[in-house]
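Working notes, beginning with the structure itself.
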2 protein chains.
Amino acid sequence: MTLIDRRVRGSRSGRPVMMLLDLLGRRWTLRVLWELRGEPLNFRALQAACSGMSPSVLNQRLAELREARLVEPADAGYALTVRGRELLALFEPVSRWAETWARDLRG
Amino acid sequence: MTLIDRRVRGSRSGRPVMMLLDLLGRRWTLRVLWELRGEPLNFRALQAACSGMSPSVLNQRLAELREARLVEPADAGYALTVRGRELLALFEPVSRWAETWARDLRG
DNA sequence: CTCCAGTGCTACGATAATCGAAGCATAGTG
DNA sequence: CACTATGCTTCGATTATCGTAGCACTGGAG
C-alpha cells in the first residue's frame, strides 16, 4: 500500500495538499525535515538532533519520507532530495514569521 | 502553563520555529487551520469539515490554537486571526507545490 | 410556559501511536 | 580477534487519539 494510494489519515480526500498535511502532521516529521536542512545526517545523528526521538519512530518517518521522495539515503547518512529542499525552502518564510509570532505572544 | 512556557514536545529547545513545528505537528492542527481558510466555521461544521474528527481532540486543538492566537471565536463560530491568516498565506505556495509533488509521485 | 432543534463541549472506555531502553547484526579498524 | 560505530528491530509501558453518548445552554415555535 503506497503513500498515495493509502487513504489519508483522518480524511478520505485524495487531494494532494491533504496528503501532504497528513504526512507532515505526523509527529516528528516536520522536525526531521527541518534538521536535515543543512548537511546530511546519519541515523543516530538525526536521532540526536531530534532530542533523542525513539529509533522506531525515526525509522518509520524515514520510510515515509523516502516513499514521499523528500528524503533519500546519501553517502553520509540521509539527505533531503531536490523536492525536499524545495519544500523546506517554502518553510523559510514560515520560520521567519515564527520569530515575530513568538515575540508577540510573549509581549 | 502557557504555550510558550511549556517545553516543546520532544525537544527542549525554546526556539520559535520549534514551538511552531511542535504545534503544527499535532494531529489535525494543520488541517483545522486549513479548513478555516475561508469563512468562519462553528464547532460542528469544523468537525464535519475535518471528516468527523473527535470533538475532544477538536476542542483541545482549538484551545491550543486560541492560545497561540492563530484562531479566535467569531460571530459565526471560529475564525483565523490576522496572524493565523498570515501563517496560512505562507502555506499557499506549499499547496501549489503539493500538486506537482503528487503528480510526480504517481508518474 | 413547554418543546424541540442546534450548538459547544465533556466523559469515558477502546484503539492506535509513540516512547524508552535494550539489544541484534553488520561493517570497518586495529 | 576485540572494539567501535552504525542502522535498525523488539517489546512492554505510556500517551494521544478515537468514537459514541450525552450534558448544558440557547433561541425560536407553539
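Identifiers for the C-alpha cells are assigned positionally: chains receive A, B, ... in sequence, residues are indexed from 1 per chain, and ligands are indexed from 1 in the order shown.
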**Message:** Can you work out which residues from chain A touch chain C at a cut-off of 9 Å (counting only C-alpha atoms (C1' of nucleotides)) and hand them back as a count of residues only?
**Reply:** 5
List every residue of chain A that has an atom at most 12 Å from any atom of chain D, and for each one report the closest atom pair and its distance in Å to one decimal, counting only C-alpha atoms (C1' of nucleotides), with rows sorted by chain and then by increasing residue number, as a tab-separated table.
residue	atom	partner	partner_atom	distance
A:Arg9	CA	D:DT17	C1'	11.8
A:Gly10	CA	D:DC18	C1'	10.3
A:Arg26	CA	D:DA16	C1'	11.7
A:Arg27	CA	D:DA16	C1'	10.7
A:Asn42	CA	D:DT6	C1'	8.4
A:Phe43	CA	D:DG7	C1'	6.8
A:Arg44	CA	D:DT6	C1'	7.7
A:Ala45	CA	D:DT6	C1'	10.3
A:Leu46	CA	D:DG7	C1'	11.9
A:Gln47	CA	D:DG7	C1'	11.6
A:Ser54	CA	D:DC8	C1'	11.3
A:Pro55	CA	D:DC8	C1'	7.7
A:Ser56	CA	D:DT9	C1'	7.7
A:Val57	CA	D:DC8	C1'	11.0
A:Leu58	CA	D:DC8	C1'	9.9
A:Asn59	CA	D:DC8	C1'	7.5
A:Gln60	CA	D:DC8	C1'	10.5
A:Leu62	CA	D:DC8	C1'	11.6
A:Ala63	CA	D:DC8	C1'	11.9
A:Pro73	CA	D:DG7	C1'	11.7
A:Ala76	CA	D:DT6	C1'	11.3
A:Gly77	CA	D:DG7	C1'	9.8
A:Tyr78	CA	D:DG7	C1'	11.5
Please identify all residues of chain B having at least one atom at most 6 Å from any atom of chain A, considering only C-alpha atoms, and return them as a short mmCIF file (atom, residue, chain, number, x, y, z; two decimals) with C-alpha atoms, in the first residue's frame.
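Below you can see out_39.cif, which holds the result:
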data_model
loop_
_atom_site.label_atom_id
_atom_site.label_comp_id
_atom_site.auth_asym_id
_atom_site.auth_seq_id
_atom_site.Cartn_x
_atom_site.Cartn_y
_atom_site.Cartn_z
CA SER B 11 12.61 18.82 22.28
CA PRO B 16 10.15 29.77 17.94
CA VAL B 17 10.29 27.65 14.85
CA GLY B 25 2.85 18.70 14.16
CA ARG B 27 -2.68 15.65 14.62
CA SER B 51 -14.20 14.40 8.32
CA SER B 95 -0.32 23.87 -1.52
CA ALA B 98 1.94 19.72 -3.37
CA GLU B 99 0.13 19.48 -6.68
CA ALA B 102 1.70 14.34 -6.04
#
**Item:** Members of chain A assigned strand (DSSP E or B) by DSSP, as a list of chain:residue names
**Value:** A:Leu41, A:Val71, A:Glu72, A:Pro73, A:Ala74, A:Gly77, A:Tyr78, A:Ala79, A:Leu80
For those residues, write C-alpha atoms to a file as a PDB file, in the first residue's frame.
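Now in again36.pdb:
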ATOM      1  CA  LEU A  41      22.864  13.369   8.961  1.00  0.00           C
ATOM      2  CA  VAL A  71      14.452  12.270   1.812  1.00  0.00           C
ATOM      3  CA  GLU A  72      16.965   9.852   0.401  1.00  0.00           C
ATOM      4  CA  PRO A  73      19.979   7.952   1.635  1.00  0.00           C
ATOM      5  CA  ALA A  74      23.213   9.772   0.914  1.00  0.00           C
ATOM      6  CA  GLY A  77      23.538   9.274   6.011  1.00  0.00           C
ATOM      7  CA  TYR A  78      20.268  10.842   4.975  1.00  0.00           C
ATOM      8  CA  ALA A  79      19.712  13.973   2.970  1.00  0.00           C
ATOM      9  CA  LEU A  80      16.874  15.940   1.520  1.00  0.00           C
TER      10      LEU A  80
END
Superposition of chain B onto chain A by least squares over all sequentially paired C-alpha atoms; the transformed chain is requested as a tab-separated table (two decimals) with N, CA and C atoms, in the first residue's frame.
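Once written, result.tsv looks like this:
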chain	number	residue	atom	x	y	z
B	1	MET	N	0.85	-1.19	-0.16
B	1	MET	CA	0.01	0.02	-0.10
B	1	MET	C	0.90	1.25	-0.08
B	2	THR	N	0.80	2.03	-1.10
B	2	THR	CA	1.71	3.15	-1.21
B	2	THR	C	1.16	4.40	-0.55
B	3	LEU	N	2.02	5.35	-0.44
B	3	LEU	CA	1.66	6.62	0.19
B	3	LEU	C	0.47	7.25	-0.49
B	4	ILE	N	0.50	7.25	-1.81
B	4	ILE	CA	-0.54	7.98	-2.52
B	4	ILE	C	-1.82	7.19	-2.66
B	5	ASP	N	-1.71	5.86	-2.53
B	5	ASP	CA	-2.92	5.07	-2.60
B	5	ASP	C	-3.63	5.02	-1.26
B	6	ARG	N	-2.81	5.01	-0.23
B	6	ARG	CA	-3.37	4.90	1.12
B	6	ARG	C	-4.32	6.06	1.39
B	7	ARG	N	-5.42	5.75	2.01
B	7	ARG	CA	-6.33	6.81	2.40
B	7	ARG	C	-5.61	7.74	3.35
B	8	VAL	N	-5.85	8.99	3.20
B	8	VAL	CA	-5.20	9.96	4.05
B	8	VAL	C	-5.78	9.86	5.46
B	9	ARG	N	-4.91	9.86	6.41
B	9	ARG	CA	-5.32	9.69	7.79
B	9	ARG	C	-6.35	10.73	8.20
B	10	GLY	N	-7.47	10.25	8.60
B	10	GLY	CA	-8.47	11.16	9.14
B	10	GLY	C	-9.35	11.79	8.08
B	11	SER	N	-8.95	11.69	6.85
B	11	SER	CA	-9.84	12.18	5.82
B	11	SER	C	-9.81	11.17	4.69
B	12	ARG	N	-10.78	11.21	3.85
B	12	ARG	CA	-10.79	10.28	2.72
B	12	ARG	C	-10.53	11.03	1.43
B	13	SER	N	-10.15	12.29	1.55
B	13	SER	CA	-9.88	13.05	0.34
B	13	SER	C	-8.50	12.73	-0.17
B	14	GLY	N	-8.37	12.54	-1.46
B	14	GLY	CA	-7.08	12.25	-2.03
B	14	GLY	C	-6.35	13.50	-2.49
B	15	ARG	N	-6.83	14.65	-2.09
B	15	ARG	CA	-6.22	15.89	-2.56
B	15	ARG	C	-4.79	16.01	-2.08
B	16	PRO	N	-3.92	16.43	-2.98
B	16	PRO	CA	-2.49	16.49	-2.67
B	16	PRO	C	-2.18	17.25	-1.40
B	17	VAL	N	-2.79	18.39	-1.24
B	17	VAL	CA	-2.45	19.19	-0.07
B	17	VAL	C	-2.85	18.46	1.21
B	18	MET	N	-3.92	17.69	1.13
B	18	MET	CA	-4.34	16.91	2.30
B	18	MET	C	-3.36	15.79	2.59
B	19	MET	N	-2.91	15.16	1.53
B	19	MET	CA	-1.90	14.13	1.71
B	19	MET	C	-0.66	14.70	2.37
B	20	LEU	N	-0.29	15.87	1.90
B	20	LEU	CA	0.90	16.49	2.46
B	20	LEU	C	0.70	16.88	3.92
B	21	LEU	N	-0.44	17.46	4.20
B	21	LEU	CA	-0.71	17.86	5.58
B	21	LEU	C	-0.76	16.63	6.48
B	22	ASP	N	-1.29	15.56	5.94
B	22	ASP	CA	-1.34	14.32	6.72
B	22	ASP	C	0.07	13.83	7.02
B	23	LEU	N	0.89	13.84	6.00
B	23	LEU	CA	2.27	13.39	6.18
B	23	LEU	C	3.01	14.27	7.17
B	24	LEU	N	2.92	15.57	6.96
B	24	LEU	CA	3.65	16.51	7.80
B	24	LEU	C	3.07	16.59	9.20
B	25	GLY	N	1.83	16.17	9.33
B	25	GLY	CA	1.16	16.28	10.63
B	25	GLY	C	1.53	15.16	11.57
B	26	ARG	N	2.28	14.20	11.09
B	26	ARG	CA	2.70	13.14	12.00
B	26	ARG	C	3.85	13.62	12.86
B	27	ARG	N	3.87	13.12	14.05
B	27	ARG	CA	4.85	13.58	15.02
B	27	ARG	C	6.26	13.43	14.48
B	28	TRP	N	7.04	14.48	14.63
B	28	TRP	CA	8.46	14.49	14.29
B	28	TRP	C	8.74	14.71	12.81
B	29	THR	N	7.75	14.60	11.97
B	29	THR	CA	8.03	14.66	10.54
B	29	THR	C	8.62	16.00	10.13
B	30	LEU	N	7.95	17.06	10.52
B	30	LEU	CA	8.46	18.39	10.18
B	30	LEU	C	9.84	18.61	10.80
B	31	ARG	N	9.96	18.11	12.01
B	31	ARG	CA	11.23	18.28	12.70
B	31	ARG	C	12.38	17.59	11.99
B	32	VAL	N	12.11	16.38	11.53
B	32	VAL	CA	13.14	15.64	10.81
B	32	VAL	C	13.56	16.39	9.55
B	33	LEU	N	12.59	16.86	8.81
B	33	LEU	CA	12.91	17.63	7.60
B	33	LEU	C	13.74	18.84	7.97
B	34	TRP	N	13.32	19.49	9.03
B	34	TRP	CA	14.02	20.69	9.46
B	34	TRP	C	15.47	20.40	9.81
B	35	GLU	N	15.69	19.31	10.51
B	35	GLU	CA	17.04	18.99	10.95
B	35	GLU	C	17.95	18.59	9.79
B	36	LEU	N	17.34	18.20	8.70
B	36	LEU	CA	18.12	17.84	7.52
B	36	LEU	C	18.37	19.02	6.59
B	37	ARG	N	17.97	20.22	7.04
B	37	ARG	CA	18.08	21.38	6.16
B	37	ARG	C	19.53	21.66	5.79
B	38	GLY	N	20.46	21.30	6.66
B	38	GLY	CA	21.87	21.57	6.38
B	38	GLY	C	22.53	20.37	5.73
B	39	GLU	N	23.56	19.91	6.34
B	39	GLU	CA	24.29	18.76	5.80
B	39	GLU	C	23.53	17.47	6.10
B	40	PRO	N	23.85	16.40	5.36
B	40	PRO	CA	23.24	15.10	5.62
B	40	PRO	C	23.57	14.62	7.03
B	41	LEU	N	22.66	13.89	7.59
B	41	LEU	CA	22.87	13.32	8.93
B	41	LEU	C	22.62	11.82	8.87
B	42	ASN	N	23.41	11.07	9.57
B	42	ASN	CA	23.13	9.64	9.62
B	42	ASN	C	22.07	9.37	10.68
B	43	PHE	N	21.67	8.13	10.75
B	43	PHE	CA	20.54	7.76	11.59
B	43	PHE	C	20.69	8.27	13.02
B	44	ARG	N	21.83	7.97	13.62
B	44	ARG	CA	21.98	8.34	15.03
B	44	ARG	C	22.15	9.82	15.23
B	45	ALA	N	22.79	10.47	14.28
B	45	ALA	CA	22.93	11.92	14.38
B	45	ALA	C	21.56	12.58	14.28
B	46	LEU	N	20.76	12.04	13.39
B	46	LEU	CA	19.41	12.57	13.22
B	46	LEU	C	18.59	12.36	14.49
B	47	GLN	N	18.76	11.19	15.06
B	47	GLN	CA	18.07	10.88	16.29
B	47	GLN	C	18.49	11.86	17.39
B	48	ALA	N	19.78	12.13	17.45
B	48	ALA	CA	20.28	13.07	18.46
B	48	ALA	C	19.78	14.48	18.21
B	49	ALA	N	19.77	14.87	16.94
B	49	ALA	CA	19.31	16.21	16.58
B	49	ALA	C	17.85	16.40	16.97
B	50	CYS	N	17.10	15.34	16.93
B	50	CYS	CA	15.70	15.40	17.31
B	50	CYS	C	15.53	15.06	18.78
B	51	SER	N	16.54	15.40	19.55
B	51	SER	CA	16.48	15.25	21.00
B	51	SER	C	16.14	13.83	21.43
B	52	GLY	N	16.71	12.88	20.74
B	52	GLY	CA	16.57	11.51	21.18
B	52	GLY	C	15.23	10.87	20.92
B	53	MET	N	14.60	11.24	19.81
B	53	MET	CA	13.35	10.57	19.46
B	53	MET	C	13.59	9.08	19.31
B	54	SER	N	12.57	8.30	19.54
B	54	SER	CA	12.83	6.87	19.55
B	54	SER	C	13.12	6.35	18.15
B	55	PRO	N	14.05	5.43	18.07
B	55	PRO	CA	14.52	4.94	16.78
B	55	PRO	C	13.41	4.28	15.97
B	56	SER	N	12.47	3.68	16.64
B	56	SER	CA	11.39	3.03	15.90
B	56	SER	C	10.59	4.06	15.11
B	57	VAL	N	10.29	5.18	15.75
B	57	VAL	CA	9.53	6.21	15.07
B	57	VAL	C	10.38	6.89	14.01
B	58	LEU	N	11.63	7.13	14.33
B	58	LEU	CA	12.51	7.73	13.34
B	58	LEU	C	12.57	6.86	12.09
B	59	ASN	N	12.71	5.59	12.31
B	59	ASN	CA	12.77	4.67	11.18
B	59	ASN	C	11.49	4.72	10.36
B	60	GLN	N	10.39	4.77	11.06
B	60	GLN	CA	9.09	4.84	10.38
B	60	GLN	C	8.98	6.14	9.58
B	61	ARG	N	9.37	7.24	10.19
B	61	ARG	CA	9.30	8.52	9.51
B	61	ARG	C	10.21	8.57	8.30
B	62	LEU	N	11.39	8.01	8.45
B	62	LEU	CA	12.32	7.99	7.32
B	62	LEU	C	11.74	7.19	6.17
B	63	ALA	N	11.09	6.09	6.50
B	63	ALA	CA	10.48	5.28	5.45
B	63	ALA	C	9.39	6.08	4.74
B	64	GLU	N	8.57	6.79	5.50
B	64	GLU	CA	7.51	7.58	4.89
B	64	GLU	C	8.09	8.70	4.03
B	65	LEU	N	9.12	9.35	4.55
B	65	LEU	CA	9.71	10.47	3.82
B	65	LEU	C	10.46	10.00	2.58
B	66	ARG	N	10.99	8.81	2.66
B	66	ARG	CA	11.64	8.27	1.47
B	66	ARG	C	10.60	7.88	0.44
B	67	GLU	N	9.53	7.32	0.89
B	67	GLU	CA	8.46	6.96	-0.04
B	67	GLU	C	7.88	8.20	-0.70
B	68	ALA	N	7.88	9.29	0.05
B	68	ALA	CA	7.37	10.55	-0.48
B	68	ALA	C	8.43	11.30	-1.29
B	69	ARG	N	9.59	10.70	-1.40
B	69	ARG	CA	10.69	11.28	-2.18
B	69	ARG	C	11.13	12.64	-1.64
B	70	LEU	N	11.04	12.78	-0.36
B	70	LEU	CA	11.51	14.03	0.24
B	70	LEU	C	12.87	13.84	0.87
B	71	VAL	N	13.16	12.61	1.20
B	71	VAL	CA	14.44	12.27	1.82
B	71	VAL	C	15.00	11.06	1.10
B	72	GLU	N	16.31	11.00	1.01
B	72	GLU	CA	16.94	9.83	0.39
B	72	GLU	C	18.25	9.52	1.11
B	73	PRO	N	18.67	8.27	1.03
B	73	PRO	CA	19.95	7.92	1.61
B	73	PRO	C	21.07	8.62	0.84
B	74	ALA	N	22.05	9.08	1.54
B	74	ALA	CA	23.19	9.73	0.90
B	74	ALA	C	24.47	9.05	1.37
B	75	ASP	N	25.56	9.52	0.86
B	75	ASP	CA	26.83	8.94	1.28
B	75	ASP	C	26.95	8.98	2.80
B	76	ALA	N	26.70	10.13	3.33
B	76	ALA	CA	26.93	10.32	4.76
B	76	ALA	C	25.64	10.27	5.55
B	77	GLY	N	24.76	9.37	5.20
B	77	GLY	CA	23.53	9.24	5.97
B	77	GLY	C	22.31	9.56	5.14
B	78	TYR	N	21.48	10.44	5.66
B	78	TYR	CA	20.26	10.82	4.96
B	78	TYR	C	20.33	12.28	4.57
B	79	ALA	N	19.72	12.58	3.44
B	79	ALA	CA	19.72	13.95	2.96
B	79	ALA	C	18.36	14.25	2.34
B	80	LEU	N	18.06	15.52	2.23
B	80	LEU	CA	16.87	15.92	1.52
B	80	LEU	C	17.05	15.69	0.03
B	81	THR	N	15.99	15.32	-0.64
B	81	THR	CA	16.03	15.28	-2.09
B	81	THR	C	15.86	16.70	-2.61
B	82	VAL	N	15.90	16.83	-3.91
B	82	VAL	CA	15.65	18.14	-4.51
B	82	VAL	C	14.26	18.63	-4.11
B	83	ARG	N	13.30	17.73	-4.20
B	83	ARG	CA	11.94	18.09	-3.81
B	83	ARG	C	11.87	18.47	-2.33
B	84	GLY	N	12.60	17.71	-1.53
B	84	GLY	CA	12.62	18.00	-0.10
B	84	GLY	C	13.14	19.40	0.17
B	85	ARG	N	14.15	19.77	-0.59
B	85	ARG	CA	14.71	21.11	-0.41
B	85	ARG	C	13.73	22.18	-0.87
B	86	GLU	N	13.05	21.88	-1.95
B	86	GLU	CA	12.02	22.81	-2.41
B	86	GLU	C	11.00	23.06	-1.32
B	87	LEU	N	10.54	21.95	-0.73
B	87	LEU	CA	9.54	22.07	0.32
B	87	LEU	C	10.07	22.86	1.50
B	88	LEU	N	11.28	22.53	1.89
B	88	LEU	CA	11.85	23.22	3.03
B	88	LEU	C	12.06	24.69	2.74
B	89	ALA	N	12.40	24.99	1.50
B	89	ALA	CA	12.58	26.39	1.13
B	89	ALA	C	11.28	27.16	1.32
B	90	LEU	N	10.17	26.47	1.08
B	90	LEU	CA	8.89	27.13	1.27
B	90	LEU	C	8.64	27.41	2.75
B	91	PHE	N	9.35	26.73	3.61
B	91	PHE	CA	9.19	26.95	5.04
B	91	PHE	C	10.11	28.04	5.58
B	92	GLU	N	10.97	28.53	4.75
B	92	GLU	CA	11.87	29.60	5.14
B	92	GLU	C	11.08	30.80	5.69
B	93	PRO	N	10.13	31.32	4.92
B	93	PRO	CA	9.32	32.45	5.43
B	93	PRO	C	8.56	32.08	6.70
B	94	VAL	N	8.15	30.84	6.79
B	94	VAL	CA	7.42	30.40	7.98
B	94	VAL	C	8.29	30.55	9.22
B	95	SER	N	9.53	30.17	9.07
B	95	SER	CA	10.45	30.28	10.19
B	95	SER	C	10.62	31.74	10.62
B	96	ARG	N	10.73	32.60	9.64
B	96	ARG	CA	10.88	34.03	9.97
B	96	ARG	C	9.62	34.57	10.63
B	97	TRP	N	8.48	34.13	10.11
B	97	TRP	CA	7.22	34.55	10.68
B	97	TRP	C	7.12	34.11	12.14
B	98	ALA	N	7.62	32.93	12.43
B	98	ALA	CA	7.52	32.37	13.77
B	98	ALA	C	8.25	33.24	14.80
B	99	GLU	N	9.27	33.92	14.35
B	99	GLU	CA	10.02	34.78	15.26
B	99	GLU	C	9.13	35.89	15.81
B	100	THR	N	8.48	36.59	14.92
B	100	THR	CA	7.64	37.70	15.38
B	100	THR	C	6.41	37.18	16.10
B	101	TRP	N	5.94	36.03	15.66
B	101	TRP	CA	4.79	35.41	16.33
B	101	TRP	C	5.10	35.14	17.80
B	102	ALA	N	6.23	34.54	18.04
B	102	ALA	CA	6.61	34.20	19.41
B	102	ALA	C	6.83	35.46	20.23
B	103	ARG	N	7.42	36.46	19.61
B	103	ARG	CA	7.67	37.71	20.31
B	103	ARG	C	6.35	38.35	20.72
B	104	ASP	N	5.41	38.33	19.79
B	104	ASP	CA	4.11	38.93	20.09
B	104	ASP	C	3.37	38.17	21.18
B	105	LEU	N	3.50	36.87	21.16
B	105	LEU	CA	2.82	36.07	22.19
B	105	LEU	C	3.34	36.41	23.57
B	106	ARG	N	4.63	36.62	23.66
B	106	ARG	CA	5.23	36.93	24.97
B	106	ARG	C	4.83	38.33	25.41
B	107	GLY	N	4.93	39.25	24.44
B	107	GLY	CA	4.67	40.66	24.79
B	107	GLY	C	3.20	40.89	24.91
